[in-house]
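Peer 1: See target38.cif below, with mmCIF, C-alpha atoms.
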```
data_entry
loop_
_atom_site.label_atom_id
_atom_site.label_comp_id
_atom_site.auth_asym_id
_atom_site.auth_seq_id
_atom_site.Cartn_x
_atom_site.Cartn_y
_atom_site.Cartn_z
CA MET J 2 157.14 -99.45 118.43
CA SER J 3 154.93 -97.73 115.82
CA THR J 4 152.28 -99.86 114.17
CA ASN J 5 151.01 -97.10 111.86
CA ASN J 6 153.58 -97.33 109.07
CA ARG J 7 153.61 -101.03 108.53
CA PRO J 8 152.86 -102.28 105.01
CA LEU J 9 149.29 -103.55 104.58
CA SER J 10 148.58 -106.94 103.12
CA PRO J 11 146.36 -106.96 100.01
CA HIS J 12 142.68 -106.91 100.93
CA ILE J 13 139.70 -108.46 99.12
CA GLN J 14 139.53 -105.87 96.35
CA VAL J 15 142.61 -107.32 94.64
CA TYR J 16 141.15 -110.82 94.43
CA ARG J 17 138.73 -112.17 91.86
CA TRP J 18 135.36 -112.83 93.46
CA GLN J 19 134.74 -116.49 94.10
CA PHE J 20 131.68 -118.36 95.24
CA THR J 21 133.24 -119.52 98.50
CA MET J 22 134.02 -115.88 99.37
CA VAL J 23 130.40 -114.90 98.76
CA LEU J 24 129.21 -117.69 101.05
CA SER J 25 131.69 -116.65 103.72
CA ILE J 26 130.42 -113.08 103.86
CA LEU J 27 126.81 -114.29 103.56
CA HIS J 28 127.32 -116.38 106.70
CA ARG J 29 128.24 -113.23 108.58
CA ALA J 30 125.47 -111.15 106.98
CA THR J 31 122.77 -113.73 107.70
CA GLY J 32 124.12 -114.07 111.24
CA ALA J 33 123.79 -110.33 111.79
CA GLY J 34 120.28 -110.40 110.32
CA LEU J 35 119.27 -113.28 112.56
CA ALA J 36 120.69 -111.45 115.59
CA LEU J 37 118.38 -108.52 114.76
CA GLY J 38 115.53 -111.00 114.37
CA ALA J 39 116.33 -112.41 117.82
CA LEU J 40 115.92 -108.92 119.27
CA LEU J 41 112.53 -108.67 117.50
CA MET J 42 111.58 -111.89 119.28
CA ALA J 43 111.50 -109.85 122.51
CA TRP J 44 108.85 -107.59 120.96
CA TRP J 45 106.77 -110.56 119.86
CA LEU J 46 106.88 -112.34 123.25
CA MET J 47 106.17 -109.14 125.18
CA ALA J 48 103.21 -108.55 122.86
CA ALA J 49 101.89 -111.94 123.93
CA VAL J 50 102.31 -110.95 127.59
CA THR J 51 100.70 -107.53 127.13
CA GLY J 52 97.49 -108.96 125.77
CA VAL J 53 95.17 -109.57 122.86
CA GLY J 54 95.48 -106.08 121.35
CA ALA J 55 99.30 -105.95 121.24
CA PHE J 56 99.44 -109.50 119.87
CA ALA J 57 96.93 -108.64 117.16
CA GLN J 58 99.10 -105.65 116.23
CA PHE J 59 102.13 -107.92 115.87
CA HIS J 60 100.06 -110.40 113.84
CA GLU J 61 98.95 -107.58 111.56
CA PHE J 62 102.57 -106.53 111.05
CA THR J 63 103.80 -110.03 110.17
CA HIS J 64 100.99 -110.32 107.62
CA SER J 65 101.67 -106.97 105.95
CA LEU J 66 103.77 -106.93 102.77
CA ILE J 67 106.85 -105.67 104.63
CA GLY J 68 106.31 -108.17 107.42
CA GLN J 69 105.98 -111.06 104.96
CA LEU J 70 109.13 -109.97 103.08
CA MET J 71 111.02 -109.71 106.36
CA LEU J 72 109.76 -113.10 107.43
CA ALA J 73 110.75 -114.69 104.10
CA GLY J 74 114.20 -113.12 104.32
CA TRP J 75 114.52 -114.27 107.89
CA VAL J 76 113.56 -117.86 107.02
CA TRP J 77 116.11 -117.95 104.19
CA ALA J 78 118.78 -116.39 106.45
CA PHE J 79 118.04 -119.00 109.06
CA VAL J 80 118.12 -121.99 106.68
CA PHE J 81 121.33 -120.74 105.05
CA HIS J 82 123.07 -119.99 108.36
CA PHE J 83 121.92 -123.36 109.71
CA LEU J 84 123.27 -125.35 106.73
CA ASN J 85 126.48 -123.32 106.37
CA GLY J 86 126.95 -123.64 110.14
CA ILE J 87 126.94 -127.43 109.73
CA ARG J 88 129.53 -126.94 106.96
CA HIS J 89 131.66 -125.03 109.46
CA LEU J 90 131.25 -127.74 112.12
CA VAL J 91 132.40 -130.36 109.58
CA TRP J 92 135.44 -128.19 108.84
CA ASP J 93 136.12 -128.12 112.58
CA THR J 94 136.68 -131.86 112.44
CA GLY J 95 139.37 -131.27 109.79
CA ARG J 96 137.34 -132.61 106.86
CA GLY J 97 136.37 -131.00 103.54
CA PHE J 98 139.19 -128.49 103.31
CA THR J 99 140.21 -129.12 99.69
CA ILE J 100 139.40 -126.39 97.14
CA LYS J 101 137.09 -128.75 95.29
CA GLY J 102 135.44 -129.94 98.50
CA ALA J 103 134.80 -126.43 99.79
CA SER J 104 133.33 -125.33 96.45
CA ARG J 105 131.09 -128.38 96.21
CA SER J 106 129.80 -128.16 99.78
CA GLY J 107 129.25 -124.43 99.24
CA GLN J 108 127.14 -125.02 96.14
CA ALA J 109 125.19 -127.72 97.96
CA VAL J 110 124.52 -125.43 100.92
CA PHE J 111 123.32 -122.59 98.68
CA LEU J 112 121.02 -124.82 96.63
CA LEU J 113 119.62 -126.56 99.71
CA SER J 114 119.01 -123.21 101.42
CA LEU J 115 116.74 -122.15 98.54
CA ILE J 116 114.91 -125.50 98.52
CA GLY J 117 114.59 -125.45 102.33
CA THR J 118 113.19 -121.91 102.33
CA ALA J 119 110.61 -122.85 99.71
CA LEU J 120 109.61 -125.93 101.73
CA VAL J 121 109.19 -123.93 104.94
CA TRP J 122 107.18 -121.27 103.13
CA VAL J 123 104.80 -123.83 101.61
CA ALA J 124 104.43 -125.72 104.91
CA ALA J 125 103.94 -122.70 107.19
CA MET X 19 155.06 -97.40 125.04
CA LYS X 20 157.62 -94.61 125.48
CA LYS X 21 158.39 -95.42 129.08
CA ASN X 22 159.09 -99.02 128.04
CA LYS X 23 161.76 -97.99 125.59
CA ASP X 24 164.59 -98.40 128.04
CA SER X 25 163.09 -101.42 129.74
CA ILE X 26 165.08 -104.60 129.54
CA ARG X 27 161.88 -106.65 129.23
CA THR X 28 161.64 -108.45 125.91
CA PRO X 29 158.83 -107.56 123.45
CA LEU X 30 157.32 -111.00 124.12
CA GLY X 31 157.35 -110.36 127.85
CA ARG X 32 155.51 -107.09 127.36
CA ALA X 33 152.90 -108.54 125.02
CA ARG X 34 152.20 -111.69 126.99
CA GLY X 35 148.86 -111.58 128.78
CA LEU X 36 147.49 -108.85 126.55
CA GLY X 37 145.25 -109.38 123.55
CA SER X 38 142.80 -112.02 122.54
CA SER X 39 144.90 -114.92 123.79
CA LYS X 40 143.26 -114.40 127.18
CA GLU X 41 139.92 -115.81 126.15
CA GLY X 42 139.91 -116.68 122.46
CA THR X 43 139.50 -120.39 123.03
CA HIS X 44 136.54 -119.94 125.34
CA HIS X 45 134.80 -117.71 122.80
CA TRP X 46 135.44 -120.22 120.01
CA TRP X 47 134.33 -123.16 122.14
CA MET X 48 131.11 -121.54 123.39
CA GLN X 49 130.23 -120.63 119.82
CA ARG X 50 130.48 -124.33 118.93
CA VAL X 51 128.59 -125.45 122.05
CA THR X 52 125.72 -123.05 121.38
CA SER X 53 125.65 -123.87 117.66
CA ILE X 54 125.33 -127.59 118.37
CA ALA X 55 122.62 -126.88 120.97
CA LEU X 56 120.81 -124.76 118.39
CA LEU X 57 120.70 -127.51 115.74
CA PRO X 58 117.74 -129.35 117.35
CA LEU X 59 116.32 -126.32 119.21
CA SER X 60 116.08 -124.06 116.17
CA LEU X 61 114.63 -126.85 114.01
CA TYR X 62 111.96 -127.34 116.67
CA TRP X 63 111.03 -123.66 116.33
CA LEU X 64 111.09 -123.79 112.56
CA PHE X 65 108.60 -126.65 112.59
CA GLN X 66 106.43 -124.71 115.06
CA LEU X 67 106.46 -121.58 112.89
CA LYS X 68 102.77 -122.00 112.22
CA HIS X 69 102.05 -121.69 115.93
CA ILE X 70 103.97 -118.45 115.98
CA THR X 71 102.71 -116.58 112.93
CA GLU X 72 99.33 -118.12 112.17
CA THR X 73 97.56 -118.01 115.54
CA ASP X 74 95.59 -115.59 117.66
CA HIS X 75 96.59 -114.65 121.19
CA GLY X 76 94.58 -117.37 122.97
CA ASP X 77 95.89 -120.24 120.83
CA PHE X 78 99.46 -119.01 121.07
CA THR X 79 99.50 -118.66 124.87
CA ALA X 80 97.77 -122.03 125.23
CA TRP X 81 100.45 -123.58 122.99
CA LEU X 82 103.29 -121.92 124.92
CA HIS X 83 101.62 -122.97 128.18
CA GLN X 84 102.48 -126.61 127.50
CA PRO X 85 105.61 -127.43 129.54
CA VAL X 86 107.55 -128.96 126.65
CA ASN X 87 107.07 -125.83 124.53
CA GLY X 88 107.91 -123.55 127.45
CA ILE X 89 111.13 -125.44 128.22
CA ALA X 90 112.12 -125.55 124.53
CA ALA X 91 111.47 -121.81 124.36
CA VAL X 92 113.69 -120.96 127.35
CA LEU X 93 116.50 -123.24 126.09
CA PHE X 94 116.25 -121.76 122.61
CA ILE X 95 116.35 -118.20 123.99
CA ILE X 96 119.47 -118.87 126.10
CA ALA X 97 121.37 -120.65 123.31
CA SER X 98 120.37 -118.28 120.49
CA PHE X 99 121.01 -115.03 122.38
CA TYR X 100 124.37 -116.31 123.65
CA HIS X 101 125.30 -117.40 120.12
CA ALA X 102 124.14 -114.09 118.59
CA MET X 103 126.05 -112.08 121.19
CA LEU X 104 129.27 -114.00 120.42
CA GLY X 105 128.79 -113.50 116.68
CA VAL X 106 128.06 -109.78 116.88
CA GLN X 107 131.09 -109.40 119.17
CA VAL X 108 133.37 -110.75 116.41
CA ILE X 109 131.81 -108.38 113.86
CA ILE X 110 132.47 -105.43 116.21
CA GLU X 111 136.04 -106.55 116.86
CA ASP X 112 136.63 -106.80 113.10
CA TYR X 113 135.16 -103.48 111.99
CA VAL X 114 135.23 -101.03 114.92
CA HIS X 115 138.79 -99.82 115.29
CA GLY X 116 138.91 -96.91 117.76
CA GLU X 117 139.62 -98.22 121.24
CA GLY X 118 136.90 -96.10 122.88
CA ALA X 119 134.23 -96.84 120.27
CA LYS X 120 135.13 -100.51 120.42
CA ILE X 121 134.67 -100.75 124.18
CA VAL X 122 131.35 -98.87 124.03
CA THR X 123 129.92 -101.04 121.23
CA LEU X 124 131.13 -104.26 122.87
CA LEU X 125 129.44 -103.14 126.08
CA LEU X 126 126.21 -102.24 124.27
CA ASN X 127 126.29 -105.60 122.48
CA LYS X 128 126.48 -107.55 125.74
CA LEU X 129 123.88 -105.39 127.48
CA ALA X 130 121.44 -105.51 124.54
CA PHE X 131 121.49 -109.30 124.20
CA PHE X 132 121.40 -109.99 127.93
CA THR X 133 118.49 -107.56 128.33
CA ALA X 134 116.53 -108.87 125.36
CA GLY X 135 117.21 -112.45 126.51
CA ALA X 136 115.97 -111.68 130.02
CA VAL X 137 112.85 -110.00 128.58
CA CYS X 138 112.12 -113.07 126.43
CA ILE X 139 112.61 -115.53 129.29
CA PHE X 140 110.46 -113.38 131.56
CA ALA X 141 107.70 -113.34 128.94
CA VAL X 142 107.76 -117.13 128.53
CA LEU X 143 107.70 -117.74 132.31
CA TYR X 144 104.97 -115.13 132.78
CA ILE X 145 102.73 -116.93 130.31
CA ASN X 146 103.67 -120.33 131.74
CA PHE X 147 102.94 -119.47 135.36
CA ALA X 148 99.70 -117.63 134.63
CA PRO X 149 96.57 -119.73 135.08
CA VAL X 150 95.35 -121.05 131.72
CA ALA X 151 92.08 -119.10 131.87
CA GLN X 152 93.90 -115.84 132.49
CA ALA X 153 96.51 -116.51 129.87
CA GLY X 154 93.82 -116.10 127.25
CA ASN X 155 92.77 -112.64 128.50
#
```
Can you give me the file's structure in the form of C-alpha coordinates?
Peer 2:
Amino acid sequence: MSTNNRPLSPHIQVYRWQFTMVLSILHRATGAGLALGALLMAWWLMAAVTGVGAFAQFHEFTHSLIGQLMLAGWVWAFVFHFLNGIRHLVWDTGRGFTIKGASRSGQAVFLLSLIGTALVWVAA
Amino acid sequence: MKKNKDSIRTPLGRARGLGSSKEGTHHWWMQRVTSIALLPLSLYWLFQLKHITETDHGDFTAWLHQPVNGIAAVLFIIASFYHAMLGVQVIIEDYVHGEGAKIVTLLLNKLAFFTAGAVCIFAVLYINFAPVAQAGN
(Lines of atoms letter the chains of each structure in order from A and count residues from 1; the text may use other names and numbers.)
(Lines give C-alpha, C1' and ligand atoms only; values in the text may rest on other atoms or scores of the structure.)
Protein backbone atom coordinates (compact mmCIF):
# COMPACT_ATOMS: atom_id res chain seq x y z
CA MET A 1 0.00 0.00 0.00
CA SER A 2 1.67 3.27 -1.12
CA THR A 3 1.09 6.29 1.07
CA ASN A 4 3.07 8.69 -1.15
CA ASN A 5 0.43 9.51 -3.76
CA ARG A 6 -2.49 10.22 -1.52
CA PRO A 7 -4.17 13.62 -1.88
CA LEU A 8 -3.14 16.12 0.82
CA SER A 9 -5.71 17.97 2.84
CA PRO A 10 -5.49 21.78 2.67
CA HIS A 11 -2.97 23.14 5.16
CA ILE A 12 -2.97 26.44 7.08
CA GLN A 13 -1.92 28.60 4.13
CA VAL A 14 -5.39 28.34 2.56
CA TYR A 15 -7.16 29.62 5.67
CA ARG A 16 -7.61 33.21 6.76
CA TRP A 17 -5.56 33.88 9.88
CA GLN A 18 -7.65 34.00 13.00
CA PHE A 19 -6.83 34.97 16.55
CA THR A 20 -7.46 31.51 17.96
CA MET A 21 -4.97 30.07 15.45
CA VAL A 22 -2.33 32.56 16.57
CA LEU A 23 -2.88 31.59 20.20
CA SER A 24 -2.66 27.91 19.33
CA ILE A 25 0.75 28.25 17.70
CA LEU A 26 1.88 30.66 20.44
CA HIS A 27 1.13 27.96 23.02
CA ARG A 28 3.55 25.66 21.24
CA ALA A 29 6.14 28.40 20.66
CA THR A 30 6.10 29.55 24.29
CA GLY A 31 6.27 25.92 25.39
CA ALA A 32 9.40 25.37 23.30
CA GLY A 33 10.90 28.59 24.66
CA LEU A 34 10.16 27.56 28.23
CA ALA A 35 11.71 24.13 27.59
CA LEU A 36 14.92 25.91 26.53
CA GLY A 37 14.65 28.05 29.66
CA ALA A 38 14.34 24.89 31.76
CA LEU A 39 17.63 23.67 30.30
CA LEU A 40 19.20 27.03 31.24
CA MET A 41 18.02 26.38 34.80
CA ALA A 42 20.67 23.63 34.96
CA TRP A 43 23.35 26.24 34.21
CA TRP A 44 22.03 28.56 36.91
CA LEU A 45 21.82 25.87 39.62
CA MET A 46 25.25 24.45 38.76
CA ALA A 47 26.63 27.99 38.97
CA ALA A 48 25.28 28.14 42.51
CA VAL A 49 27.02 24.84 43.30
CA THR A 50 30.32 25.87 41.69
CA GLY A 51 30.69 28.93 43.86
CA VAL A 52 30.61 32.68 44.24
CA GLY A 53 32.46 33.46 40.99
CA ALA A 54 30.26 31.36 38.68
CA PHE A 55 27.12 32.67 40.38
CA ALA A 56 28.29 36.25 39.96
CA GLN A 57 28.88 35.54 36.26
CA PHE A 58 25.31 34.27 35.91
CA HIS A 59 24.02 37.30 37.83
CA GLU A 60 25.95 39.58 35.49
CA PHE A 61 24.41 37.84 32.48
CA THR A 62 20.82 38.13 33.74
CA HIS A 63 21.39 41.84 34.35
CA SER A 64 22.86 42.55 30.92
CA LEU A 65 20.56 43.94 28.21
CA ILE A 66 20.31 40.56 26.46
CA GLY A 67 19.76 38.79 29.77
CA GLN A 68 16.99 41.21 30.77
CA LEU A 69 15.29 40.85 27.36
CA MET A 70 15.50 37.07 27.63
CA LEU A 71 14.13 37.18 31.15
CA ALA A 72 11.23 39.45 30.11
CA GLY A 73 10.43 37.17 27.18
CA TRP A 74 10.63 34.17 29.44
CA VAL A 75 8.27 35.70 32.02
CA TRP A 76 5.72 36.56 29.31
CA ALA A 77 6.07 33.07 27.78
CA PHE A 78 5.49 31.57 31.19
CA VAL A 79 2.44 33.69 32.06
CA PHE A 80 0.91 33.08 28.63
CA HIS A 81 1.57 29.33 28.66
CA PHE A 82 0.24 29.14 32.23
CA LEU A 83 -3.03 30.96 31.42
CA ASN A 84 -3.56 29.25 28.05
CA GLY A 85 -2.77 25.93 29.75
CA ILE A 86 -5.68 26.57 32.13
CA ARG A 87 -7.80 27.30 29.03
CA HIS A 88 -6.79 23.89 27.69
CA LEU A 89 -7.62 22.18 31.00
CA VAL A 90 -11.08 23.79 30.94
CA TRP A 91 -11.54 22.48 27.38
CA ASP A 92 -10.60 19.03 28.69
CA THR A 93 -13.72 19.11 30.84
CA GLY A 94 -15.78 19.69 27.67
CA ARG A 95 -16.57 23.35 28.38
CA GLY A 96 -15.97 26.48 26.30
CA PHE A 97 -15.87 24.86 22.88
CA THR A 98 -18.19 27.28 21.05
CA ILE A 99 -16.59 29.62 18.48
CA LYS A 100 -17.59 32.63 20.53
CA GLY A 101 -16.39 31.05 23.77
CA ALA A 102 -12.99 30.09 22.36
CA SER A 103 -12.48 33.58 20.90
CA ARG A 104 -13.47 35.29 24.13
CA SER A 105 -11.32 33.10 26.37
CA GLY A 106 -8.46 33.57 23.91
CA GLN A 107 -8.71 37.35 24.07
CA ALA A 108 -8.91 37.20 27.86
CA VAL A 109 -5.82 34.98 28.06
CA PHE A 110 -3.81 37.28 25.78
CA LEU A 111 -4.79 40.44 27.66
CA LEU A 112 -4.18 38.86 31.06
CA SER A 113 -0.78 37.56 29.93
CA LEU A 114 0.34 41.14 29.17
CA ILE A 115 -1.04 42.45 32.47
CA GLY A 116 0.49 39.53 34.39
CA THR A 117 3.90 40.06 32.80
CA ALA A 118 3.84 43.75 33.68
CA LEU A 119 2.87 42.91 37.28
CA VAL A 120 5.69 40.37 37.65
CA TRP A 121 8.19 42.80 36.16
CA VAL A 122 7.20 45.60 38.54
CA ALA A 123 7.16 43.27 41.57
CA ALA A 124 10.45 41.46 40.86
CA MET B 1 5.00 -4.36 2.86
CA LYS B 2 5.69 -6.40 -0.27
CA LYS B 3 5.88 -9.71 1.50
CA ASN B 4 2.48 -8.99 3.06
CA LYS B 5 0.81 -8.60 -0.30
CA ASP B 6 -0.30 -12.19 -0.49
CA SER B 7 -1.05 -12.48 3.20
CA ILE B 8 -4.62 -13.22 4.12
CA ARG B 9 -4.33 -10.97 7.19
CA THR B 10 -6.65 -7.99 7.01
CA PRO B 11 -5.20 -4.45 6.86
CA LEU B 12 -6.59 -3.85 10.37
CA GLY B 13 -4.86 -6.96 11.65
CA ARG B 14 -1.55 -5.77 10.25
CA ALA B 15 -1.88 -2.25 11.64
CA ARG B 16 -3.09 -3.20 15.09
CA GLY B 17 -0.43 -2.77 17.75
CA LEU B 18 1.60 -0.37 15.65
CA GLY B 19 1.51 3.41 15.88
CA SER B 20 0.67 5.84 18.60
CA SER B 21 -2.26 3.84 19.95
CA LYS B 22 0.25 1.97 22.11
CA GLU B 23 0.84 4.83 24.49
CA GLY B 24 -1.07 7.92 23.36
CA THR B 25 -3.34 7.98 26.38
CA HIS B 26 -0.48 7.75 28.84
CA HIS B 27 1.30 10.65 27.14
CA TRP B 28 -1.86 12.75 27.18
CA TRP B 29 -2.63 11.87 30.79
CA MET B 30 0.88 12.57 32.11
CA GLN B 31 0.83 15.92 30.33
CA ARG B 32 -2.33 16.79 32.29
CA VAL B 33 -0.96 15.42 35.57
CA THR B 34 2.26 17.42 35.28
CA SER B 35 0.42 20.56 34.14
CA ILE B 36 -1.87 20.45 37.17
CA ALA B 37 1.14 19.83 39.45
CA LEU B 38 2.87 22.81 37.84
CA LEU B 39 0.01 25.24 38.53
CA PRO B 40 0.96 25.77 42.21
CA LEU B 41 4.65 24.83 41.83
CA SER B 42 5.40 27.28 39.03
CA LEU B 43 3.47 30.08 40.75
CA TYR B 44 5.60 29.48 43.83
CA TRP B 45 8.72 30.01 41.71
CA LEU B 46 7.29 33.06 40.02
CA PHE B 47 6.68 34.68 43.39
CA GLN B 48 10.22 33.76 44.46
CA LEU B 49 11.75 35.27 41.31
CA LYS B 50 13.38 37.97 43.39
CA HIS B 51 15.31 35.33 45.32
CA ILE B 52 16.57 33.94 42.04
CA THR B 53 17.63 37.00 40.08
CA GLU B 54 18.23 39.68 42.70
CA THR B 55 20.51 37.94 45.20
CA ASP B 56 24.17 37.14 45.67
CA HIS B 57 25.48 33.62 46.10
CA GLY B 58 25.29 33.53 49.92
CA ASP B 59 21.69 34.75 50.12
CA PHE B 60 20.57 32.41 47.36
CA THR B 61 22.11 29.26 48.87
CA ALA B 62 20.78 30.22 52.30
CA TRP B 63 17.30 30.63 50.78
CA LEU B 64 17.51 27.30 48.94
CA HIS B 65 18.84 25.68 52.11
CA GLN B 66 15.44 26.02 53.78
CA PRO B 67 13.70 22.63 53.49
CA VAL B 68 10.44 23.99 52.08
CA ASN B 69 12.29 25.76 49.26
CA GLY B 70 14.47 22.71 48.59
CA ILE B 71 11.45 20.39 48.39
CA ALA B 72 9.52 22.84 46.19
CA ALA B 73 12.58 23.06 43.94
CA VAL B 74 12.92 19.29 43.48
CA LEU B 75 9.17 18.88 42.84
CA PHE B 76 9.20 21.75 40.36
CA ILE B 77 12.22 20.28 38.54
CA ILE B 78 10.61 16.84 38.20
CA ALA B 79 7.23 18.16 37.03
CA SER B 80 8.59 20.84 34.68
CA PHE B 81 11.23 18.69 32.98
CA TYR B 82 8.76 15.82 32.53
CA HIS B 83 6.20 18.25 31.10
CA ALA B 84 8.78 19.91 28.80
CA MET B 85 10.02 16.54 27.57
CA LEU B 86 6.45 15.47 26.67
CA GLY B 87 5.81 18.76 24.87
CA VAL B 88 9.04 18.72 22.85
CA GLN B 89 8.32 15.10 21.93
CA VAL B 90 5.04 16.14 20.27
CA ILE B 91 6.81 18.93 18.37
CA ILE B 92 9.39 16.41 17.08
CA GLU B 93 6.69 13.92 16.11
CA ASP B 94 4.86 16.67 14.19
CA TYR B 95 7.78 18.16 12.26
CA VAL B 96 10.54 15.54 11.93
CA HIS B 97 9.46 13.10 9.25
CA GLY B 98 12.36 10.79 8.36
CA GLU B 99 12.18 7.65 10.46
CA GLY B 100 15.90 7.71 11.34
CA ALA B 101 16.03 11.43 12.14
CA LYS B 102 12.87 11.08 14.19
CA ILE B 103 14.26 8.29 16.36
CA VAL B 104 17.54 10.16 16.92
CA THR B 105 15.83 13.44 17.90
CA LEU B 106 13.32 11.65 20.15
CA LEU B 107 16.24 9.91 21.84
CA LEU B 108 18.18 13.18 22.24
CA ASN B 109 15.06 14.85 23.64
CA LYS B 110 14.64 12.23 26.36
CA LEU B 111 18.35 12.14 27.19
CA ALA B 112 18.68 15.94 27.29
CA PHE B 113 15.77 16.49 29.68
CA PHE B 114 16.61 13.54 31.93
CA THR B 115 20.24 14.69 32.12
CA ALA B 116 19.41 18.34 32.76
CA GLY B 117 16.78 17.30 35.32
CA ALA B 118 19.29 15.08 37.14
CA VAL B 119 21.85 17.91 37.11
CA CYS B 120 19.30 20.32 38.61
CA ILE B 121 18.19 17.90 41.32
CA PHE B 122 21.82 17.12 42.14
CA ALA B 123 22.56 20.83 42.48
CA VAL B 124 19.62 21.43 44.82
CA LEU B 125 20.51 18.43 47.02
CA TYR B 126 24.19 19.40 47.03
CA ILE B 127 23.34 22.84 48.38
CA ASN B 128 20.79 21.39 50.81
CA PHE B 129 23.10 18.80 52.33
CA ALA B 130 26.10 21.10 52.58
CA PRO B 131 26.56 22.70 56.00
CA VAL B 132 25.16 26.23 56.03
CA ALA B 133 28.56 27.84 56.65
CA GLN B 134 30.08 26.04 53.68
CA ALA B 135 27.16 26.73 51.44
CA GLY B 136 28.14 30.38 51.47
CA ASN B 137 31.72 29.70 50.31
Peer 1: What residues come out when you apply the PyMOL selection byres ((chain J) within 9 of (chain X)) to this file, written as JSON, numbers by chain?
Peer 2: {"J": [2, 29, 32, 33, 35, 36, 37, 39, 40, 41, 42, 43, 44, 45, 46, 47, 48, 49, 50, 52, 53, 54, 56, 57, 60, 63, 64, 76, 79, 83, 86, 87, 90, 121, 124, 125]}
Peer 1: Can you tell me how far CA of Gln14 in chain J sits from CA of Phe111 in chain J, in Å to one decimal?
Peer 2: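 For CA of Gln14 in chain J relative to CA of Phe111 in chain J, the distance reads 23.4 Å.
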Peer 1: Quick one, how far is CA of Gln107 in chain X from CA of Lys128 in chain X?
Peer 2: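 Separating CA of Gln107 in chain X from CA of Lys128 in chain X is a distance of 8.2 Å.
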Peer 1: Quick one: pull the distance between CA of Tyr113 in chain X and CA of Arg34 in chain X, Å, one decimal.
Peer 2: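 Between CA of Tyr113 in chain X and CA of Arg34 in chain X the gap is 24.1 Å.
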